[in-house]
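Next up, target.json (JSON, C-alpha atoms and all ligand atoms):
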[["chain", "number", "residue", "atom", "x", "y", "z"],
["A", 6, "VAL", "CA", 56.70, 98.12, 91.26],
["A", 7, "LYS", "CA", 57.30, 101.43, 89.58],
["A", 8, "GLU", "CA", 56.43, 103.31, 92.73],
["A", 9, "ASN", "CA", 58.82, 101.13, 94.72],
["A", 10, "GLY", "CA", 61.63, 101.70, 92.28],
["A", 11, "ARG", "CA", 61.26, 105.43, 92.59],
["A", 12, "ASN", "CA", 61.36, 105.25, 96.37],
["A", 13, "ASN", "CA", 64.52, 103.20, 96.23],
["A", 14, "TYR", "CA", 66.08, 105.73, 93.98],
["A", 15, "GLU", "CA", 65.17, 108.57, 96.29],
["A", 16, "LEU", "CA", 66.55, 106.64, 99.22],
["A", 17, "TYR", "CA", 69.74, 106.05, 97.27],
["A", 18, "GLU", "CA", 69.98, 109.70, 96.37],
["A", 19, "ALA", "CA", 69.46, 110.75, 99.97],
["A", 20, "THR", "CA", 72.18, 108.41, 101.26],
["A", 21, "MET", "CA", 74.54, 109.54, 98.53],
["A", 22, "SER", "CA", 74.07, 113.20, 99.28],
["A", 23, "HIS", "CA", 74.42, 112.52, 102.99],
["A", 24, "GLU", "CA", 77.75, 110.84, 102.28],
["A", 25, "ILE", "CA", 78.88, 113.66, 100.03],
["A", 26, "THR", "CA", 77.93, 116.26, 102.63],
["A", 27, "GLU", "CA", 79.91, 114.39, 105.24],
["A", 28, "GLN", "CA", 82.90, 114.14, 102.93],
["A", 29, "LEU", "CA", 82.77, 117.85, 102.17],
["A", 30, "LYS", "CA", 82.52, 118.57, 105.86],
["A", 31, "ILE", "CA", 85.56, 116.44, 106.62],
["A", 32, "GLU", "CA", 87.50, 118.03, 103.75],
["A", 33, "ASN", "CA", 86.83, 121.53, 105.08],
["A", 34, "TYR", "CA", 87.58, 120.63, 108.68],
["A", 35, "MET", "CA", 90.77, 118.85, 107.61],
["A", 36, "ILE", "CA", 92.35, 121.98, 106.18],
["A", 37, "LYS", "CA", 91.59, 123.95, 109.34],
["A", 38, "ALA", "CA", 92.72, 121.06, 111.53],
["A", 39, "LEU", "CA", 96.36, 121.51, 110.55],
["A", 40, "GLU", "CA", 96.34, 125.16, 111.68],
["A", 41, "LYS", "CA", 94.34, 124.35, 114.78],
["A", 42, "LYS", "CA", 96.87, 121.63, 115.67],
["A", 43, "GLU", "CA", 94.19, 118.95, 115.92],
["A", 44, "PHE", "CA", 96.41, 116.24, 114.43],
["A", 45, "THR", "CA", 98.75, 114.19, 116.57],
["A", 46, "LEU", "CA", 100.95, 111.20, 115.91],
["A", 47, "HIS", "CA", 100.75, 108.03, 117.90],
["A", 48, "TYR", "CA", 103.52, 105.48, 117.88],
["A", 49, "GLN", "CA", 103.20, 101.71, 117.79],
["A", 50, "PRO", "CA", 106.23, 99.67, 118.85],
["A", 51, "GLN", "CA", 107.96, 97.23, 116.51],
["A", 52, "VAL", "CA", 109.52, 94.49, 118.58],
["A", 53, "ASN", "CA", 112.26, 91.92, 117.97],
["A", 54, "SER", "CA", 110.45, 88.56, 118.25],
["A", 55, "ILE", "CA", 113.34, 86.89, 120.11],
["A", 56, "THR", "CA", 114.71, 89.58, 122.43],
["A", 57, "ASN", "CA", 111.40, 91.40, 122.94],
["A", 58, "GLN", "CA", 113.24, 94.71, 122.54],
["A", 59, "VAL", "CA", 111.60, 97.67, 120.86],
["A", 60, "VAL", "CA", 113.53, 98.11, 117.60],
["A", 61, "GLY", "CA", 111.32, 100.73, 116.01],
["A", 62, "ALA", "CA", 108.04, 102.64, 115.93],
["A", 63, "GLU", "CA", 105.40, 103.22, 113.29],
["A", 64, "ALA", "CA", 103.92, 106.71, 113.27],
["A", 65, "LEU", "CA", 100.11, 106.63, 112.94],
["A", 66, "ILE", "CA", 98.12, 109.83, 112.58],
["A", 67, "ARG", "CA", 95.26, 110.66, 114.93],
["A", 68, "TRP", "CA", 92.62, 113.36, 114.55],
["A", 69, "TYR", "CA", 90.18, 114.51, 117.22],
["A", 70, "HIS", "CA", 87.67, 117.07, 116.03],
["A", 71, "ASP", "CA", 85.61, 119.15, 118.52],
["A", 72, "GLU", "CA", 82.31, 118.36, 116.88],
["A", 73, "MET", "CA", 82.88, 115.11, 114.99],
["A", 74, "GLY", "CA", 85.05, 113.38, 117.58],
["A", 75, "TYR", "CA", 87.70, 110.86, 116.57],
["A", 76, "ILE", "CA", 88.04, 110.51, 112.81],
["A", 77, "GLY", "CA", 90.10, 107.50, 111.72],
["A", 78, "PRO", "CA", 92.86, 107.77, 109.11],
["A", 79, "MET", "CA", 91.08, 105.26, 106.85],
["A", 80, "LYS", "CA", 88.36, 107.91, 106.55],
["A", 81, "PHE", "CA", 90.37, 111.07, 105.93],
["A", 82, "ILE", "CA", 93.67, 109.94, 104.35],
["A", 83, "PRO", "CA", 91.93, 108.85, 101.10],
["A", 84, "LEU", "CA", 90.15, 112.24, 101.01],
["A", 85, "ALA", "CA", 93.44, 114.03, 101.64],
["A", 86, "GLU", "CA", 94.97, 112.09, 98.75],
["A", 87, "GLU", "CA", 92.13, 113.05, 96.42],
["A", 88, "THR", "CA", 92.29, 116.75, 97.24],
["A", 89, "GLY", "CA", 96.07, 117.04, 97.40],
["A", 90, "PHE", "CA", 95.91, 118.03, 101.08],
["A", 91, "ILE", "CA", 98.11, 114.98, 101.73],
["A", 92, "LEU", "CA", 101.12, 117.06, 100.62],
["A", 93, "PRO", "CA", 101.12, 119.64, 103.43],
["A", 94, "LEU", "CA", 99.76, 117.03, 105.85],
["A", 95, "GLY", "CA", 102.41, 114.52, 104.77],
["A", 96, "TYR", "CA", 105.25, 116.98, 105.37],
["A", 97, "TRP", "CA", 103.80, 117.85, 108.76],
["A", 98, "ILE", "CA", 103.72, 114.09, 109.59],
["A", 99, "LEU", "CA", 107.32, 113.62, 108.41],
["A", 100, "GLU", "CA", 108.59, 116.59, 110.41],
["A", 101, "GLN", "CA", 106.81, 115.53, 113.57],
["A", 102, "ALA", "CA", 107.98, 111.91, 113.26],
["A", 103, "ILE", "CA", 111.60, 112.90, 112.55],
["A", 104, "LYS", "CA", 111.60, 115.34, 115.47],
["A", 105, "ASP", "CA", 110.17, 112.70, 117.82],
["A", 106, "ALA", "CA", 112.56, 110.01, 116.51],
["A", 107, "LYS", "CA", 115.48, 112.17, 117.57],
["A", 108, "GLU", "CA", 114.01, 112.25, 121.06],
["A", 109, "PHE", "CA", 113.27, 108.49, 121.15],
["A", 110, "GLU", "CA", 116.89, 107.76, 120.20],
["A", 111, "LYS", "CA", 118.08, 108.96, 123.60],
["A", 112, "ASP", "CA", 116.35, 106.04, 125.28],
["A", 113, "ALA", "CA", 116.02, 103.50, 122.47],
["A", 114, "GLN", "CA", 118.51, 100.80, 121.61],
["A", 115, "ASP", "CA", 120.97, 101.30, 118.74],
["A", 116, "GLY", "CA", 119.50, 100.87, 115.28],
["A", 117, "PHE", "CA", 116.06, 102.17, 116.30],
["A", 118, "THR", "CA", 113.97, 103.10, 113.25],
["A", 119, "MET", "CA", 111.03, 105.46, 112.83],
["A", 120, "ALA", "CA", 108.58, 104.21, 110.19],
["A", 121, "VAL", "CA", 106.36, 106.71, 108.37],
["A", 122, "ASN", "CA", 103.52, 105.87, 105.96],
["A", 123, "ILE", "CA", 103.92, 107.55, 102.59],
["A", 124, "SER", "CA", 101.11, 107.96, 100.05],
["A", 125, "ALA", "CA", 101.66, 107.60, 96.30],
["A", 126, "VAL", "CA", 100.82, 111.29, 95.86],
["A", 127, "GLN", "CA", 103.68, 112.26, 98.16],
["A", 128, "LEU", "CA", 106.36, 110.33, 96.26],
["A", 129, "ARG", "CA", 105.18, 112.03, 93.08],
["A", 130, "ASP", "CA", 105.93, 115.46, 94.52],
["A", 131, "GLU", "CA", 109.13, 116.67, 92.86],
["A", 132, "THR", "CA", 110.47, 118.16, 96.06],
["A", 133, "PHE", "CA", 109.92, 115.00, 98.14],
["A", 134, "VAL", "CA", 113.51, 113.73, 98.27],
["A", 135, "SER", "CA", 115.05, 117.11, 98.99],
["A", 136, "ARG", "CA", 112.43, 117.89, 101.66],
["A", 137, "VAL", "CA", 113.20, 114.58, 103.40],
["A", 138, "LYS", "CA", 116.92, 115.37, 103.29],
["A", 139, "GLU", "CA", 116.26, 118.87, 104.65],
["A", 140, "LEU", "CA", 114.17, 117.57, 107.55],
["A", 141, "LEU", "CA", 116.77, 114.95, 108.49],
["A", 142, "ARG", "CA", 119.41, 117.68, 108.54],
["A", 143, "LYS", "CA", 117.20, 120.08, 110.50],
["A", 144, "TYR", "CA", 116.72, 117.58, 113.32],
["A", 145, "ASP", "CA", 120.12, 115.92, 112.93],
["A", 146, "LEU", "CA", 118.58, 112.47, 112.48],
["A", 147, "SER", "CA", 120.61, 109.82, 110.70],
["A", 148, "PRO", "CA", 118.89, 108.76, 107.43],
["A", 149, "LYS", "CA", 119.14, 105.09, 108.42],
["A", 150, "SER", "CA", 116.86, 105.86, 111.39],
["A", 151, "LEU", "CA", 114.05, 106.75, 109.02],
["A", 152, "GLU", "CA", 111.99, 104.07, 107.27],
["A", 153, "LEU", "CA", 109.37, 104.93, 104.67],
["A", 154, "GLU", "CA", 106.42, 102.55, 104.25],
["A", 155, "ILE", "CA", 104.95, 102.20, 100.80],
["A", 156, "THR", "CA", 102.55, 99.61, 99.34],
["A", 157, "GLU", "CA", 102.96, 97.26, 96.40],
["A", 158, "THR", "CA", 99.97, 98.84, 94.64],
["A", 159, "HIS", "CA", 101.72, 102.16, 95.06],
["A", 160, "ILE", "CA", 104.86, 100.81, 93.35],
["A", 161, "MET", "CA", 102.89, 99.26, 90.51],
["A", 162, "THR", "CA", 101.11, 102.52, 89.64],
["A", 163, "GLY", "CA", 104.36, 103.96, 88.31],
["A", 164, "PRO", "CA", 107.26, 101.54, 88.66],
["A", 165, "GLU", "CA", 109.86, 103.62, 86.76],
["A", 166, "LEU", "CA", 109.21, 106.83, 88.69],
["A", 167, "VAL", "CA", 108.98, 105.03, 92.05],
["A", 168, "LEU", "CA", 112.22, 103.13, 91.32],
["A", 169, "ARG", "CA", 114.05, 106.37, 90.61],
["A", 170, "ILE", "CA", 112.78, 108.05, 93.80],
["A", 171, "LEU", "CA", 113.51, 104.99, 95.94],
["A", 172, "GLU", "CA", 117.05, 104.80, 94.55],
["A", 173, "GLU", "CA", 117.62, 108.44, 95.50],
["A", 174, "LEU", "CA", 116.31, 107.78, 99.00],
["A", 175, "LYS", "CA", 118.43, 104.63, 99.30],
["A", 176, "GLU", "CA", 121.49, 106.58, 98.14],
["A", 177, "MET", "CA", 120.81, 108.94, 101.03],
["A", 178, "GLY", "CA", 120.58, 106.00, 103.45],
["A", 179, "VAL", "CA", 116.83, 106.06, 104.14],
["A", 180, "ARG", "CA", 115.22, 102.63, 104.62],
["A", 181, "ILE", "CA", 112.24, 101.30, 102.65],
["A", 182, "ALA", "CA", 109.51, 98.93, 103.87],
["A", 183, "ILE", "CA", 106.72, 97.35, 101.85],
["A", 184, "ASP", "CA", 103.47, 97.77, 103.78],
["A", 185, "ASP", "CA", 100.47, 95.37, 103.72],
["A", 186, "PHE", "CA", 102.60, 92.87, 101.84],
["A", 187, "GLY", "CA", 100.58, 90.20, 100.01],
["A", 188, "THR", "CA", 97.39, 92.21, 99.54],
["A", 189, "GLY", "CA", 98.20, 94.53, 96.63],
["A", 190, "TYR", "CA", 98.36, 94.05, 92.92],
["A", 191, "SER", "CA", 101.75, 92.58, 93.40],
["A", 192, "SER", "CA", 104.39, 91.51, 91.02],
["A", 193, "LEU", "CA", 107.47, 89.83, 92.39],
["A", 194, "SER", "CA", 109.50, 91.32, 89.57],
["A", 195, "TYR", "CA", 110.13, 94.55, 91.45],
["A", 196, "PHE", "CA", 112.16, 92.72, 94.09],
["A", 197, "LYS", "CA", 114.84, 92.21, 91.49],
["A", 198, "ASP", "CA", 115.67, 95.92, 91.21],
["A", 199, "PHE", "CA", 114.02, 97.80, 94.05],
["A", 200, "PRO", "CA", 116.09, 98.74, 97.12],
["A", 201, "ILE", "CA", 113.79, 97.24, 99.76],
["A", 202, "ASP", "CA", 114.77, 96.60, 103.40],
["A", 203, "LYS", "CA", 111.68, 95.17, 105.05],
["A", 204, "LEU", "CA", 108.46, 93.31, 104.25],
["A", 205, "LYS", "CA", 105.49, 93.93, 106.51],
["A", 206, "ILE", "CA", 103.25, 90.87, 106.28],
["A", 207, "ASP", "CA", 99.64, 92.06, 106.19],
["A", 208, "GLN", "CA", 97.50, 91.43, 109.24],
["A", 209, "SER", "CA", 94.92, 89.52, 107.20],
["A", 210, "PHE", "CA", 97.42, 86.63, 106.98],
["A", 211, "ILE", "CA", 98.30, 86.82, 110.67],
["A", 212, "ARG", "CA", 94.68, 86.84, 111.91],
["A", 213, "ASP", "CA", 94.15, 83.11, 111.33],
["A", 214, "ILE", "CA", 97.77, 81.97, 111.51],
["A", 215, "ILE", "CA", 97.17, 79.50, 114.35],
["A", 216, "LYS", "CA", 94.40, 77.52, 112.64],
["A", 217, "ASP", "CA", 94.41, 78.21, 108.93],
["A", 218, "LYS", "CA", 96.79, 76.11, 106.83],
["A", 219, "ASN", "CA", 96.65, 78.52, 103.89],
["A", 220, "SER", "CA", 97.59, 81.51, 106.04],
["A", 221, "GLN", "CA", 100.46, 79.47, 107.45],
["A", 222, "GLY", "CA", 101.65, 78.51, 103.99],
["A", 223, "ILE", "CA", 101.57, 82.10, 102.77],
["A", 224, "VAL", "CA", 103.30, 83.54, 105.83],
["A", 225, "LEU", "CA", 106.01, 80.86, 105.90],
["A", 226, "SER", "CA", 106.69, 81.42, 102.21],
["A", 227, "ILE", "CA", 107.03, 85.16, 102.75],
["A", 228, "ILE", "CA", 109.40, 84.63, 105.71],
["A", 229, "ASP", "CA", 111.46, 82.22, 103.60],
["A", 230, "MET", "CA", 111.60, 84.74, 100.77],
["A", 231, "THR", "CA", 112.76, 87.55, 103.07],
["A", 232, "LYS", "CA", 115.64, 85.36, 104.24],
["A", 233, "ARG", "CA", 116.72, 84.49, 100.71],
["A", 234, "LEU", "CA", 116.56, 88.14, 99.66],
["A", 235, "GLY", "CA", 118.24, 89.44, 102.82],
["A", 236, "LEU", "CA", 115.20, 91.44, 103.96],
["A", 237, "ILE", "CA", 113.72, 91.90, 107.42],
["A", 238, "SER", "CA", 110.33, 90.25, 108.01],
["A", 239, "LEU", "CA", 107.73, 91.92, 110.20],
["A", 240, "ALA", "CA", 104.31, 90.50, 111.07],
["A", 241, "GLU", "CA", 101.51, 93.06, 111.47],
["A", 242, "GLY", "CA", 98.44, 92.73, 113.65],
["A", 243, "VAL", "CA", 99.83, 90.22, 116.17],
["A", 244, "GLU", "CA", 97.23, 90.03, 118.92],
["A", 245, "SER", "CA", 98.12, 87.01, 121.05],
["A", 246, "ILE", "CA", 101.07, 85.18, 122.56],
["A", 247, "LYS", "CA", 100.17, 82.12, 120.48],
["A", 248, "GLU", "CA", 100.54, 84.12, 117.28],
["A", 249, "LEU", "CA", 103.80, 85.62, 118.51],
["A", 250, "ASP", "CA", 105.22, 82.22, 119.47],
["A", 251, "TYR", "CA", 104.25, 80.73, 116.13],
["A", 252, "LEU", "CA", 105.88, 83.58, 114.21],
["A", 253, "ARG", "CA", 109.05, 83.60, 116.30],
["A", 254, "ASN", "CA", 109.41, 79.81, 116.05],
["A", 255, "HIS", "CA", 109.12, 80.09, 112.29],
["A", 256, "GLY", "CA", 111.80, 82.75, 111.95],
["A", 257, "CYS", "CA", 109.81, 85.97, 111.68],
["A", 258, "GLU", "CA", 112.17, 88.67, 112.96],
["A", 259, "CYS", "CA", 109.85, 91.49, 114.01],
["A", 260, "ILE", "CA", 106.39, 91.81, 115.49],
["A", 261, "GLN", "CA", 103.93, 94.70, 115.51],
["A", 262, "GLY", "CA", 100.46, 94.45, 117.00],
["A", 263, "TYR", "CA", 98.21, 94.95, 119.98],
["A", 264, "PHE", "CA", 99.92, 92.10, 121.86],
["A", 265, "THR", "CA", 103.32, 93.81, 121.99],
["A", 266, "GLY", "CA", 101.85, 97.31, 122.11],
["A", 267, "ARG", "CA", 99.03, 99.48, 120.83],
["A", 268, "PRO", "CA", 99.71, 102.85, 119.21],
["A", 269, "ILE", "CA", 100.38, 105.32, 122.07],
["A", 270, "SER", "CA", 101.25, 108.98, 122.55],
["A", 271, "LYS", "CA", 104.82, 110.20, 122.25],
["A", 272, "GLU", "CA", 105.07, 110.63, 126.03],
["A", 273, "ASP", "CA", 103.81, 107.10, 126.69],
["A", 274, "PHE", "CA", 106.17, 105.72, 124.05],
["A", 275, "ILE", "CA", 109.19, 107.34, 125.73],
["A", 276, "GLN", "CA", 108.01, 105.86, 129.03],
["A", 277, "LYS", "CA", 107.75, 102.45, 127.39],
["A", 278, "ILE", "CA", 111.28, 102.44, 125.99],
["A", 279, "LYS", "CA", 112.68, 103.74, 129.28],
["A", 280, "GLU", "CA", 111.06, 100.81, 131.11],
["A", 281, "CYS", "CA", 112.48, 98.39, 128.54],
["A", 282, "ASP", "CA", 115.93, 99.83, 129.27],
["A", 283, "LYS", "CA", 115.73, 98.87, 132.91],
["A", 284, "ARG", "CA", 114.80, 95.25, 132.23],
["A", 301, "LIG", "P1", 98.61, 100.57, 108.24],
["A", 301, "LIG", "O1", 99.76, 101.38, 107.77],
["A", 301, "LIG", "O2", 98.52, 99.17, 107.78],
["A", 301, "LIG", "O3", 98.66, 100.66, 109.83],
["A", 301, "LIG", "C1", 98.32, 99.60, 110.70],
["A", 301, "LIG", "C2", 96.92, 99.75, 111.25],
["A", 301, "LIG", "O4", 96.59, 98.58, 112.01],
["A", 301, "LIG", "C3", 96.78, 100.91, 112.23],
["A", 301, "LIG", "O5", 95.46, 101.42, 112.10],
["A", 301, "LIG", "C4", 96.96, 100.23, 113.59],
["A", 301, "LIG", "O6", 96.39, 100.95, 114.65],
["A", 301, "LIG", "C5", 96.26, 98.92, 113.34],
["A", 301, "LIG", "N1", 96.75, 97.84, 114.19],
["A", 301, "LIG", "C6", 97.97, 97.72, 114.78],
["A", 301, "LIG", "N2", 98.07, 96.57, 115.47],
["A", 301, "LIG", "C7", 96.88, 95.93, 115.33],
["A", 301, "LIG", "C8", 96.36, 94.69, 115.83],
["A", 301, "LIG", "O7", 97.02, 93.92, 116.55],
["A", 301, "LIG", "N3", 95.08, 94.37, 115.45],
["A", 301, "LIG", "C9", 94.34, 95.18, 114.67],
["A", 301, "LIG", "N4", 93.10, 94.79, 114.37],
["A", 301, "LIG", "N5", 94.78, 96.37, 114.18],
["A", 301, "LIG", "C10", 96.05, 96.74, 114.53],
["A", 301, "LIG", "P2", 95.17, 102.98, 111.95],
["A", 301, "LIG", "O8", 96.08, 103.76, 112.85],
["A", 301, "LIG", "O9", 93.70, 103.17, 112.09],
["A", 301, "LIG", "O10", 95.62, 103.32, 110.47],
["A", 301, "LIG", "C11", 94.92, 102.77, 109.37],
["A", 301, "LIG", "C12", 95.64, 103.09, 108.09],
["A", 301, "LIG", "O11", 95.63, 104.50, 107.82],
["A", 301, "LIG", "C13", 97.11, 102.69, 108.09],
["A", 301, "LIG", "O12", 97.22, 101.31, 107.85],
["A", 301, "LIG", "C14", 97.63, 103.58, 106.98],
["A", 301, "LIG", "O13", 97.34, 103.02, 105.72],
["A", 301, "LIG", "C15", 96.81, 104.84, 107.15],
["A", 301, "LIG", "N6", 97.60, 105.80, 107.94],
["A", 301, "LIG", "C16", 97.70, 105.93, 109.28],
["A", 301, "LIG", "N7", 98.53, 106.93, 109.62],
["A", 301, "LIG", "C17", 98.99, 107.45, 108.45],
["A", 301, "LIG", "C18", 99.90, 108.51, 108.11],
["A", 301, "LIG", "O14", 100.52, 109.17, 108.98],
["A", 301, "LIG", "N8", 100.11, 108.76, 106.77],
["A", 301, "LIG", "C19", 99.47, 108.03, 105.80],
["A", 301, "LIG", "N9", 99.74, 108.34, 104.50],
["A", 301, "LIG", "N10", 98.64, 107.03, 106.09],
["A", 301, "LIG", "C20", 98.39, 106.73, 107.39],
["A", 302, "CA", "CA", 101.89, 101.16, 107.66],
["A", 303, "CA", "CA", 100.06, 97.69, 107.19],
["A", 304, "CA", "CA", 94.28, 87.31, 115.76]]
If you took the structure in this file and wrote it as structure tokens, what would it be?
Amino acid sequence: VKENGRNNYELYEATMSHEITEQLKIENYMIKALEKKEFTLHYQPQVNSITNQVVGAEALIRWYHDEMGYIGPMKFIPLAEETGFILPLGYWILEQAIKDAKEFEKDAQDGFTMAVNISAVQLRDETFVSRVKELLRKYDLSPKSLELEITETHIMTGPELVLRILEELKEMGVRIAIDDFGTGYSSLSYFKDFPIDKLKIDQSFIRDIIKDKNSQGIVLSIIDMTKRLGLISLAEGVESIKELDYLRNHGCECIQGYFTGRPISKEDFIQKIKECDKR
């Protein structure tokens, strides 16, 4: 028994150190990746559930590394947050997305919004609001064309600070969306004071929307709440026409998911909105 226990421990230690080595490797590669221009942004369409028109895009970061191949954001964004690398990376993401939004606007319908994911660490940077303003000015993008996605958990980690920053952004005209709505340590109290424009209903509630009564109850309640509060509802992770029909028939305004479009390159996205124009 004793012998066995020791082996288990060694196995545990080996796995741990393997994980740590991999993390260190990713951390080192990440810093070089920005200089080596290995990061790109892909864009996933947000579609009006009734008209089918593309009303916005969410920017999603992609990283291909020579040796390690594709590394998903779920793997490196948390590391970037821990090390503080998310600050330079986050500004690079914002600049790229704002620049591309200006280009999309030529072919997109009026009111098109570019959504960018923002980490808690980024909002805490004192220069965040002024840097956003500067970038919007640099690329001559209207603030209302930019939407920042933050999570409930993110808000709850420092409600006073986040409220102040969001009010400054709102003052400027930038839009705010709550990401992964329904999954965080939520408190409905922040809806009373926070300047929120959109709720993105988490894909875990959409996954079983056709069959599961509880998912239906939750989603319908969220849609109802958005209407009462004057917010836009968006369902994430919509993968089938059945799900889309259900959501549209129950008043969900916007759809994002593989069914209406996977995340694609900037060039493919421009192609997509040009084709929509012709229809
Ligand atoms: P998220 O913000 O919730 O983004 C949605 C994720 O769901 C994306 O994964 C997207 O590709 C995926 N998705 C979209 N439609 C469907 C669908 O119909 N079915 C399924 N199963 N999945 C779908 P991705 O690109 O791997 O990003 C994962 C997470 O990484 C994001 O979750 C976000 O939290 C983070 N992330 C991605 N890009 C950025 C970024 O530029 N900045 C920051 N701070 N975080 C990012
Ligand atoms: Ca998001
Ligand atoms: Ca989400
Ligand atoms: Ca599904």
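Atom CA of A:Ile76 to atom CA of A:Met119 spans 23.5 Å [interatomic distance, one decimal].
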*asked:* At a cut-off of 9 Å, using all atoms listed in the file, what residues contact A:Thr188? Leave out same-chain residues fewer than 4 positions from it and give the result as a ChimeraX atom specification.
replied: /A:157-158,207,209
Spatial neighbours of A:Leu193, 12 Å, only C-alpha atoms, chain gap at least 2 places, as a CSV table (one decimal) with C-alpha atoms, keeping the file's coordinate frame:
chain,number,residue,atom,x,y,z
A,157,GLU,CA,103.0,97.3,96.4
A,158,THR,CA,100.0,98.8,94.6
A,160,ILE,CA,104.9,100.8,93.4
A,161,MET,CA,102.9,99.3,90.5
A,186,PHE,CA,102.6,92.9,101.8
A,187,GLY,CA,100.6,90.2,100.0
A,189,GLY,CA,98.2,94.5,96.6
A,190,TYR,CA,98.4,94.0,92.9
A,191,SER,CA,101.8,92.6,93.4
A,195,TYR,CA,110.1,94.6,91.4
A,196,PHE,CA,112.2,92.7,94.1
A,197,LYS,CA,114.8,92.2,91.5
A,198,ASP,CA,115.7,95.9,91.2
A,199,PHE,CA,114.0,97.8,94.0
A,227,ILE,CA,107.0,85.2,102.8
A,230,MET,CA,111.6,84.7,100.8
A,234,LEU,CA,116.6,88.1,99.7
Using the file's own x, y and z axes, so that the box edges lie along x, y and z, what centre and edge lengths in Å (one decimal) does a box around every listed atom of stretch 104-113 of chain A get when 5 Å is added on each side? Give it as AutoDock Vina command-line options.
--center_x 114.1 --center_y 109.4 --center_z 120.4 --size_x 17.9 --size_y 21.8 --size_z 19.8
*Do you have the atom CA of A:Lys42-atom CA of A:Trp68 distance handy?*
9.4 Å
*Kindly provide, as a PyMOL selection string, all nucleotide and amino acid residues lying within 7 Å of ligand CA 303 (chain A), counting all atoms listed in the file.*
chain A and resi 184-185+205+207+241
Restricting it to C-alpha atoms, dump the selection as a short mmCIF file (atom, residue, chain, number, x, y, z; two decimals), in the coordinates of the input.
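The resulting file, out-v1.cif, is shown below:
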data_model
loop_
_atom_site.label_atom_id
_atom_site.label_comp_id
_atom_site.auth_asym_id
_atom_site.auth_seq_id
_atom_site.Cartn_x
_atom_site.Cartn_y
_atom_site.Cartn_z
CA ASP A 184 103.47 97.77 103.78
CA ASP A 185 100.47 95.37 103.72
CA LYS A 205 105.49 93.93 106.51
CA ASP A 207 99.64 92.06 106.19
CA GLU A 241 101.51 93.06 111.47
#
_Surrounding residues as a ChimeraX atom specification, ligand CA 304 (chain A), max 9 Å, all atoms listed in the file_ = /A:208-209,211-215,242-245,248
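As for atom CA of A:Ser54 and atom CA of A:Pro78, they are spaced 27.6 Å apart.
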*Write out as an MDAnalysis selection string each polymer residue (protein, DNA or RNA) that has an atom no more than 9 Å from ligand LIG 301 (chain A), with all atoms listed in the file counted.*
chainID A and resid 46:47 49 63:67 77:83 85:86 91 94:95 98:99 121:125 127 154:156 184:185 205 207:208 212 241:245 261:268
*With all atoms listed in the file as the basis for distance, which of A:Glu110, A:Glu100, A:Glu43, A:Asp105 is at the shortest distance from A:Tyr75?*
A:Glu43
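Among A:Val134, A:Ile181, A:Leu39, A:Ile25, the residue with the shortest atom-to-atom distance to ligand CA 302 (chain A), counting all atoms listed in the file, is A:Ile181.
Between ligand CA 302 (chain A) and the residues A:Val60, A:Val126, A:Ile260, A:Ala120, the shortest atom-to-atom distance, using all atoms listed in the file, involves A:Ala120.
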I want to know what sits within 6 Å of A:Val179, based on all atoms listed in the file, with residues of the same chain fewer than 5 positions away left out; could you give that as an mmCIF file with C-alpha atoms, keeping the file's coordinate frame?
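Wrote it out as around.cif, contents follow:
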data_model
loop_
_atom_site.group_PDB
_atom_site.id
_atom_site.type_symbol
_atom_site.label_atom_id
_atom_site.label_comp_id
_atom_site.auth_asym_id
_atom_site.auth_seq_id
_atom_site.Cartn_x
_atom_site.Cartn_y
_atom_site.Cartn_z
ATOM 1 C CA PRO A 148 118.890 108.760 107.430
ATOM 2 C CA LYS A 149 119.140 105.090 108.420
ATOM 3 C CA LEU A 151 114.050 106.750 109.020
ATOM 4 C CA LEU A 174 116.310 107.780 99.000
#
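Of the listed residues (A:Asp273, A:Glu173, A:Asp71, A:Glu152), A:Glu152 comes nearest to ligand CA 302 (chain A); the distances count all atoms listed in the file.
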*Which polymer residues have any atom within 12 Å of an atom of A:Asn57, counting all atoms listed in the file, with same-chain residues fewer than 6 positions away left out, as a PyMOL selection string?*
chain A and resi 50-51+114+249-250+253+258-261+264-266+278+281-282+284
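For the choices A:Cys257, A:Ala62, A:Ile275, A:Ile237, the atom-to-atom distance to ligand CA 302 (chain A) is smallest for A:Ala62 when using only C-alpha atoms and all ligand atoms.
Restricting the calculation to all atoms listed in the file, the smallest distance between ligand CA 302 (chain A) and any of A:Arg142, A:Tyr48, A:Lys218, A:Met177 is found for A:Tyr48.
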